[in-house]
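All remarks here apply to the structure that follows.
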Amino acid sequence: MLEIVYEIEGQTRRFLLSGGDVSIGRSSENGIVLNDFSVSRRHALLSERAGIWTIEDLKSTNGVKVNGEFAPKSPLKANDVLSVGAFTLHVREQPVTKSIAAKAISDSSSTFVRSIADFNRDYNLDATGSGSGAVVTDVAGTLAGRRPAPEKGREKIFEILVQVARTLIEAPDVDQILSKVVDLLFDFLPAERAVVVLREDSGRLVATLARQRGRTASEAAETFSHTIVETVVRERVAVLTSDALTDDRFEAGQSIRIQQIRSAMCVPLWNREHVIGALHVDTPLKTGTFTADDLDLLTALGNFAAVAIERARLQGRIAKEERIRERLARYHSPGVVEEIVSEGPAGVEKIRTRDVTVFFADIVGFTTAAESMSPEDLSLFLETVFTFAADAIFEQGGTLDKFIGDAVMAFFGAPIPQPDHPRRAVAAAAKLIESLKAWNVGRVGRGEPPVAVRVGVNTGRAVVGDIGSDRRVDYTVLGNTVNVAARLESYVAGPNEIVVGEETARLAGDAFVFEPLGEQRLKGLTKGLRAFRVVLAENGTPVRPSE
């Protein structure tokens, strides 16, 4: 049996190829998630036909390499090395363990092992085990037919699974789901102890909930066999052992001896091709407690629990995403917000150094004009100018940093990288001036003074990220690049002029015409720097080099 071994942020991950297609890509719905911009959303597909695994490139941006060679589609074997974007994946041979050497052990054995694939086939489910209604109907009908005793007849089986379905719909979070599932286990199975084990993002299995019949949650110990749980999760099988202490398959399990685990069942928490953990139940000091029908019922419960957990987690992610959207909408255009959320919003929260272009715009003569305005008129005036500025910035995919009195600060090139961020910043500045000139036509006609802005633009390295205190943070930029942009606007630019630094003029020179202003000595800076003015037409639109 083959497995894929790879590393993410210094931690080794393993994925066992145990049947069914497995997709590789950047988005979270893939079986193997490689969250990096070098990897496409759905980059490649691992599939098995006639016992042979292959990898197929799904028309990704950077392609797939097998042993250093680009391969649109290639069979896999042990020791192959795969390159997917910036990641290296190793194909390894996974030794077959004694517990999975046979899917079902003879009646004389104390242990019964049943694969999820066998469960799906026996209950007429599709290959992925999907469809909660199918699980309820098929499991309830089959178990009731095999075990018609009054206390657990057809009505009781349906009651169990309908209650689980209700849990799936009603439970609001993972903790409540786990608590209700364990309550159901004690109601309908002769178990004395139950533990829910979930897989963390790192791949480590952690006991999330432990319960003992007749005791409070705080009194219950985390009693389970690591050997059995790891086998169940790794191999996608359900295990029933009538006497774990005497079964040589688990002889290496120290926890079995210490915790006196005798009769035990363990099933994966499984939904389609994903195993997110395990349910482990046992009775100490007593053998032969559970039956094969109990194992099937627990397997069905494991499917319901996994669906409910993933549903709750999805709702949590959606709620978090909405909070992120609300915060990002203060800074970014709707298109940029969508891109940030889809590509991984956690990146917005990191502080990093980036090449950016910073934009400052300030209203000329605002202090004098504000003296003659009522508060209502002043508010409407600023709202109009700021709307022109925000629309111009968002149109070019920029980040609106803040309003400072009558000034606007923005930057381009973060959080989403933009190779042409100098051009975008100058285009936004020109659009702001063009909008103001068009607005001034109506203002002059009404006998109101025209409005003008000064704009400074500068390109360079800056610190970008959420910066502030424990109580308040802002997504902003810091550094000398920001200071120069502010001083170009304050001390060099005239009314309705855009003044840029040398690096901005160099990088955007193919899109705009720049007039040299010579070396400028700016307040607070020890060295002079070359500045340039953007050549604009009378209506504020930029003059293009071809003109």
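So you can find residues: chains in the structure tokens are A, B, ... in the order shown, residues in each start at 1, and ligands are numbered from 1 in order.
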* To do: List every residue of region 480-537 of chain A that DSSP, applied to the backbone of this structure, assigns to strand (DSSP E), and report them as number ranges by chain.
  => A: 497-501, 514-520, 529-534
* Asked: If you count only C-alpha atoms, which residues fall within 12 Å of region 374-383 of chain A, apart from same-chain ones fewer than 6 positions away, as an MDAnalysis selection string?
  -> chainID A and resid 362:363 366:368 389:391 403:408 436 439 443 448 450:451
* Write out as a list of chain:residue names each polymer residue whose atoms come within 9 Å of region 70-81 of chain A, counting only C-alpha atoms; drop sequence neighbours fewer than 2 positions from it. => A:Leu2, A:Glu3, A:Ile52, A:Trp53, A:Thr54, A:Ile55, A:Glu56, A:Asp57, A:Leu58, A:Lys59, A:Gly63, A:Val64, A:Lys65, A:Val66, A:Asn67, A:Gly68, A:Ser83, A:Thr88, A:Leu89, A:His90, A:Val91, A:Arg92, A:Glu93
* Asked: What lies within 9 Å of Lys402 (chain A) using only C-alpha atoms, ignoring chain neighbours under 6 positions off, as a PyMOL selection string?
  -> chain A and resi 331+408-410+476
* To do: Excluding Leu525 (chain A) and any residue of its chain fewer than 5 positions from it, enumerate the residues within 12 Å of it, using only C-alpha atoms, and give them as number ranges by chain.
  => A: 480-481, 483-484, 486-488, 520
* Residues at most 7 Å from Val457 (chain A), counting only C-alpha atoms, excluding those fewer than 2 positions away in the same chain, as an MDAnalysis selection string? -> chainID A and resid 357:360 455 485 499:501
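Minimum atom-to-atom distances from A:Ala370, A:Val492, A:Val281, A:Ile498 to Gln212 (chain A) were compared using only C-alpha atoms, and the lowest value belongs to A:Val281.
Shortest atom-to-atom contact with Ser490 (chain A) among A:Ala531, A:Asp466, A:Val364, A:Ala429: A:Val364, counting only C-alpha atoms.
In this model, the gap between CA of Ala306 (chain A) and CA of Val233 (chain A) comes to 12.7 Å.
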* To do: Show which residues sit within 7 Å of Ala191 (chain A), as number ranges by chain. Count only C-alpha atoms, and ignore same-chain residues fewer than 3 positions away.
  => A: 186, 281-283
* To do: Would you work out the distance separating CA of Asn539 (chain A) from CA of Pro495 (chain A), expressed in Å to one decimal?
  =>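 Distance reported for this atom pair: 13.5 Å.
Note that CA of Ala44 (chain A) and CA of Ile24 (chain A) are 5.1 Å apart.
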